[in-house]
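Novice: So that we are looking at the same thing, I have put the structure below in structure tokens.
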Amino acid sequence: MLPFSSIQEAEIAIGRSLTYAETIWFNYSANKSDYYLYCHNILFLFLIFSCVPLYYLFLEFFFRKSIQSYKIQPKVNLGLSEVFRCYKSVMRMFILVVGPLQLVSYPSVKMIGIRTSLPLPSLWEILLQLGTYFIVEDYFNYWIHRFLHCKWGYENIHKVHHEYTAPIGFAAPYAHWLEILILGIPSFLGPAIAPGHMITFWLWIAFRQIEAIETHSGYDLPWTITKYIPFYGGPDYHDYHHYVGGQSQSNFASVFTYCDYIYGTDKGYRYQKKVLQQLKGASNANGEQNGGSAIFPKDCKDD
């Protein structure tokens with residue numbers, strides 16, 4: 001709740017006129033508690049989990065032929081009943097774990113210094129903080145993910161998430177309840193290191209989940225803007241991790257690729273890509289010699 005009773009009082013306190021965005025924020029948040037504003041995350045997560053994967057489902061059902069060449073595992077096609085089963089499981093976990101976790105985690109948000117006050121952060125401040133959050137979360141998530149692939153961690157927790165060897169967008173948050181709790185820790189570390197405004201925190205939670213849905217979408221679409229982000233892994237990178245399955249010791253990073261490269265856990269993926277390129281080149285050469293079309297086997301698996 002803002003400590004100002006009017007816009008004029010707020011302008012006097014910050015020493016300038018409010019921007020258009022700040023005026024909107026004042027009108028919306030002035031009489032709302034910080035706890036109420038924080039709980040907006042529950043609505044945002046519900047909408048993201050429910051709506052963003054529909055984009056890929058829409059493309060698959062209405063433009064299947066046009067995007068088939070971008071499907072990473074083209075031989076795997078899940079029916080609507082299986083997709084809906086996944087969504088129901090995600091929503092059950094959302095109601096039983098994610099929602100309540102958001103409700104009870106507010107004291108930690110206040111403790112680390114997430115603010116709702118004026119002035120609003122500049123665009124550059126938001127971008128720098130979001131970048132920090134992604135880098136911090138990615139690093140600690142990498143090590144937690146490696147732990148979840150040890151024998152005990154995988155058999156007791158992480159194998160639920162790996163039920164989908166060819167992931168879909170709805171399966172991004174599909175996981176054991178304990179995994180959801182554990183992976184919530186690195187999500188809070190970035191804001192704890194560089195605390196920002198509640199709007200920045202909303203954006204962080206939203207973008208992180210949208211990114212997770214993209215990497216689990218099963219499609220390596222060429223028009224996504226994430227392809228312009230340095231060291232970004234993307235759907236093809238993470239899909240390999242799911243394809244190899246429980247024995248995978250490769251591609252643990254959640255967003256970027258630098259940890260896997262530094263610690264040598266992307267060798268299987270890079271070897272597979274090298275082999276596939278060689279097969280593609282040989283197939284193209286044979287196709288030209290025989291006057292036929294080349295076939296590129298996308299299903300090569302390598303540990």
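Ligands are numbered from 1 in the order shown, chains are lettered A, B, ... in the order of the structure tokens, and residues start at 1 in each chain.
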Enumerate, as a PyMOL selection string, the complete set of residues in segment 124-218 of chain A that a backbone-based DSSP assignment places in alpha helix (DSSP H).

Specialist: chain A and resi 124-148+151-156+177-193+198-215

Novice: Residues near segment 140-150 of chain A, anyone? I mean within 8 Å using only C-alpha atoms, not counting same-chain ones fewer than 3 positions away, as a PyMOL selection string.

Specialist: chain A and resi 136-137+153-154+157-158+183+186+246-249+252-254+259

Novice: Between A:Gly268, A:Gly113, A:Gly184, A:Gly169, which one has atoms that come closest to Phe49 of chain A, using only C-alpha atoms?

Specialist: A:Gly169

Novice: Write out as a compact mmCIF listing (two decimals) with all heavy atoms, in the first residue's frame the residues lying within 10 Å of Val76 of chain A, counting only C-alpha atoms and excluding same-chain residues fewer than 5 positions away.

Specialist:
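Wrote it out as selection-v7.txt, contents follow:
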```txt
# COMPACT_ATOMS: atom_id res chain seq x y z
N LYS A 71 9.50 -29.60 -35.77
CA LYS A 71 9.24 -30.49 -34.64
C LYS A 71 10.49 -31.30 -34.34
O LYS A 71 11.07 -31.94 -35.23
CB LYS A 71 8.06 -31.41 -34.94
CG LYS A 71 7.57 -32.22 -33.74
CD LYS A 71 6.29 -32.96 -34.07
CE LYS A 71 5.83 -33.83 -32.92
NZ LYS A 71 5.47 -33.03 -31.72
N THR A 165 9.31 -38.02 -22.47
CA THR A 165 10.60 -38.05 -23.16
C THR A 165 10.59 -37.15 -24.39
O THR A 165 11.64 -36.77 -24.89
CB THR A 165 10.95 -39.49 -23.59
OG1 THR A 165 9.87 -40.01 -24.39
CG2 THR A 165 11.14 -40.37 -22.37
N ALA A 166 9.39 -36.84 -24.88
CA ALA A 166 9.21 -35.82 -25.92
C ALA A 166 8.31 -34.75 -25.29
O ALA A 166 7.09 -34.85 -25.35
CB ALA A 166 8.57 -36.41 -27.17
N PRO A 167 8.90 -33.74 -24.66
CA PRO A 167 8.12 -32.80 -23.86
C PRO A 167 7.17 -31.95 -24.69
O PRO A 167 7.35 -31.75 -25.89
CB PRO A 167 9.19 -31.92 -23.19
CG PRO A 167 10.38 -32.04 -24.08
CD PRO A 167 10.34 -33.42 -24.65
N GLY A 218 8.69 -28.70 -27.65
CA GLY A 218 8.90 -29.73 -28.66
C GLY A 218 9.11 -29.17 -30.06
O GLY A 218 9.26 -29.95 -31.01
```

Novice: Rank nothing, just name the residue among A:Gly196, A:Phe256, A:Pro191, A:Ile14 nearest to Thr215 of chain A, using only C-alpha atoms.

Specialist: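 Checking each candidate against Thr215 of chain A, we get A:Phe256 as the closest.
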
Novice: From the set A:Lys151, A:Arg208, A:His161, A:Lys88, which residue has the shortest atom-to-atom contact distance to Ile135 of chain A, counting only C-alpha atoms?

Specialist: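 Under the stated criterion, the closest residue is A:Arg208.
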
Novice: Near Arg270 of chain A, counting only C-alpha atoms, which residues have an atom at most 10 Å away, once you skip same-chain residues fewer than 5 positions from it, shown as a PyMOL selection string?

Specialist: chain A and resi 237+250-251+261+265+275-276+302

Novice: Counting only C-alpha atoms, what is within 6 Å of Met1 of chain A, bar same-chain residues fewer than 3 positions away, as a PDB file with C-alpha atoms, in the first residue's frame?

Specialist:
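Generated file (around_8.pdb):
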```pdb
ATOM      1  CA  ALA A  30      -2.648   3.017  -3.687  1.00  0.00           C
ATOM      2  CA  ASN A  31      -5.299   1.264  -1.598  1.00  0.00           C
ATOM      3  CA  LYS A  32      -4.119  -2.317  -2.041  1.00  0.00           C
ATOM      4  CA  SER A  33      -1.927  -4.107   0.470  1.00  0.00           C
ATOM      5  CA  ASP A  34       1.514  -5.359  -0.548  1.00  0.00           C
TER       6      ASP A  34
END
```

Novice: How far is it from atom CA of Arg64 of chain A to atom CA of Ile229 of chain A, in Å with one decimal?

Specialist: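 Computing it gives 27.0 Å between the two atoms.
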
Novice: What is the atom CA of Gln278 of chain A-atom CA of Ser69 of chain A distance in Å, reported with one decimal?

Specialist: 18.9 Å

Novice: Distance atom CA of Tyr232 of chain A-atom CA of Lys274 of chain A, one decimal place?

Specialist: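 Between atom CA of Tyr232 of chain A and atom CA of Lys274 of chain A the gap is 19.1 Å.
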
Novice: Give me the residues within 12 Å of Trp25 of chain A as an mmCIF file with N, CA and C atoms, in the first residue's frame, counting only C-alpha atoms and dropping any in the same chain fewer than 2 places off.

Specialist:
```cif
data_model
loop_
_atom_site.group_PDB
_atom_site.id
_atom_site.type_symbol
_atom_site.label_atom_id
_atom_site.label_comp_id
_atom_site.auth_asym_id
_atom_site.auth_seq_id
_atom_site.Cartn_x
_atom_site.Cartn_y
_atom_site.Cartn_z
ATOM 1 N N MET A 1 0.849 -1.190 0.000
ATOM 2 C CA MET A 1 0.000 0.000 0.000
ATOM 3 C C MET A 1 0.888 1.245 0.000
ATOM 4 N N LEU A 2 0.602 2.153 -0.896
ATOM 5 C CA LEU A 2 1.428 3.358 -1.004
ATOM 6 C C LEU A 2 1.139 4.320 0.144
ATOM 7 N N ILE A 7 -2.137 11.863 -5.688
ATOM 8 C CA ILE A 7 -1.047 11.971 -6.651
ATOM 9 C C ILE A 7 -0.176 13.175 -6.337
ATOM 10 N N ALA A 10 2.206 12.334 -3.678
ATOM 11 C CA ALA A 10 3.265 11.459 -4.195
ATOM 12 C C ALA A 10 4.291 12.266 -4.985
ATOM 13 N N LEU A 18 4.601 12.632 -11.717
ATOM 14 C CA LEU A 18 4.560 11.207 -11.996
ATOM 15 C C LEU A 18 4.508 10.968 -13.506
ATOM 16 N N THR A 19 5.166 9.931 -13.935
ATOM 17 C CA THR A 19 5.045 9.528 -15.328
ATOM 18 C C THR A 19 3.677 8.898 -15.548
ATOM 19 N N TYR A 20 3.368 8.639 -16.814
ATOM 20 C CA TYR A 20 2.087 8.008 -17.126
ATOM 21 C C TYR A 20 1.983 6.638 -16.458
ATOM 22 N N ALA A 21 3.067 5.863 -16.519
ATOM 23 C CA ALA A 21 3.070 4.530 -15.902
ATOM 24 C C ALA A 21 2.931 4.628 -14.392
ATOM 25 N N GLU A 22 3.591 5.612 -13.787
ATOM 26 C CA GLU A 22 3.500 5.778 -12.337
ATOM 27 C C GLU A 22 2.106 6.206 -11.908
ATOM 28 N N THR A 23 1.447 7.001 -12.725
ATOM 29 C CA THR A 23 0.071 7.399 -12.423
ATOM 30 C C THR A 23 -0.858 6.191 -12.444
ATOM 31 N N ASN A 27 -2.909 4.753 -9.192
ATOM 32 C CA ASN A 27 -4.360 4.568 -9.192
ATOM 33 C C ASN A 27 -4.753 3.126 -8.905
ATOM 34 N N TYR A 28 -3.902 2.192 -9.322
ATOM 35 C CA TYR A 28 -4.236 0.788 -9.105
ATOM 36 C C TYR A 28 -3.845 0.291 -7.717
ATOM 37 N N SER A 29 -2.673 0.700 -7.236
ATOM 38 C CA SER A 29 -2.110 0.072 -6.034
ATOM 39 C C SER A 29 -2.237 0.889 -4.759
ATOM 40 N N ALA A 30 -2.677 2.129 -4.852
ATOM 41 C CA ALA A 30 -2.648 3.017 -3.687
ATOM 42 C C ALA A 30 -3.368 2.436 -2.479
ATOM 43 N N ASN A 31 -4.497 1.778 -2.710
ATOM 44 C CA ASN A 31 -5.299 1.264 -1.598
ATOM 45 C C ASN A 31 -5.238 -0.250 -1.463
ATOM 46 N N LYS A 32 -4.260 -0.857 -2.119
ATOM 47 C CA LYS A 32 -4.119 -2.317 -2.041
ATOM 48 C C LYS A 32 -2.893 -2.670 -1.209
ATOM 49 N N LEU A 37 -0.974 -7.429 -3.661
ATOM 50 C CA LEU A 37 -0.236 -7.238 -4.904
ATOM 51 C C LEU A 37 0.675 -8.432 -5.188
ATOM 52 N N THR A 116 6.893 -1.964 -3.387
ATOM 53 C CA THR A 116 5.759 -1.592 -4.238
ATOM 54 C C THR A 116 5.646 -0.077 -4.389
ATOM 55 N N SER A 117 6.572 0.652 -3.808
ATOM 56 C CA SER A 117 6.476 2.106 -3.708
ATOM 57 C C SER A 117 6.844 2.809 -5.004
ATOM 58 N N LEU A 118 6.654 4.100 -5.032
ATOM 59 C CA LEU A 118 7.114 4.973 -6.105
ATOM 60 C C LEU A 118 8.480 5.530 -5.726
ATOM 61 N N PRO A 119 9.320 5.889 -6.703
ATOM 62 C CA PRO A 119 9.088 5.839 -8.150
ATOM 63 C C PRO A 119 9.226 4.431 -8.703
ATOM 64 N N LEU A 120 8.690 4.230 -9.904
ATOM 65 C CA LEU A 120 8.869 2.960 -10.587
ATOM 66 C C LEU A 120 10.294 2.862 -11.123
ATOM 67 N N PRO A 121 10.804 1.655 -11.263
ATOM 68 C CA PRO A 121 12.159 1.487 -11.821
ATOM 69 C C PRO A 121 12.197 1.853 -13.295
ATOM 70 N N HIS A 197 11.506 -3.854 -7.740
ATOM 71 C CA HIS A 197 10.106 -3.490 -7.571
ATOM 72 C C HIS A 197 9.219 -4.717 -7.780
ATOM 73 N N MET A 198 8.010 -4.665 -7.251
ATOM 74 C CA MET A 198 7.067 -5.763 -7.407
ATOM 75 C C MET A 198 6.771 -6.024 -8.885
ATOM 76 N N ILE A 199 6.739 -4.985 -9.698
ATOM 77 C CA ILE A 199 6.500 -5.163 -11.130
ATOM 78 C C ILE A 199 7.628 -5.979 -11.754
#
```
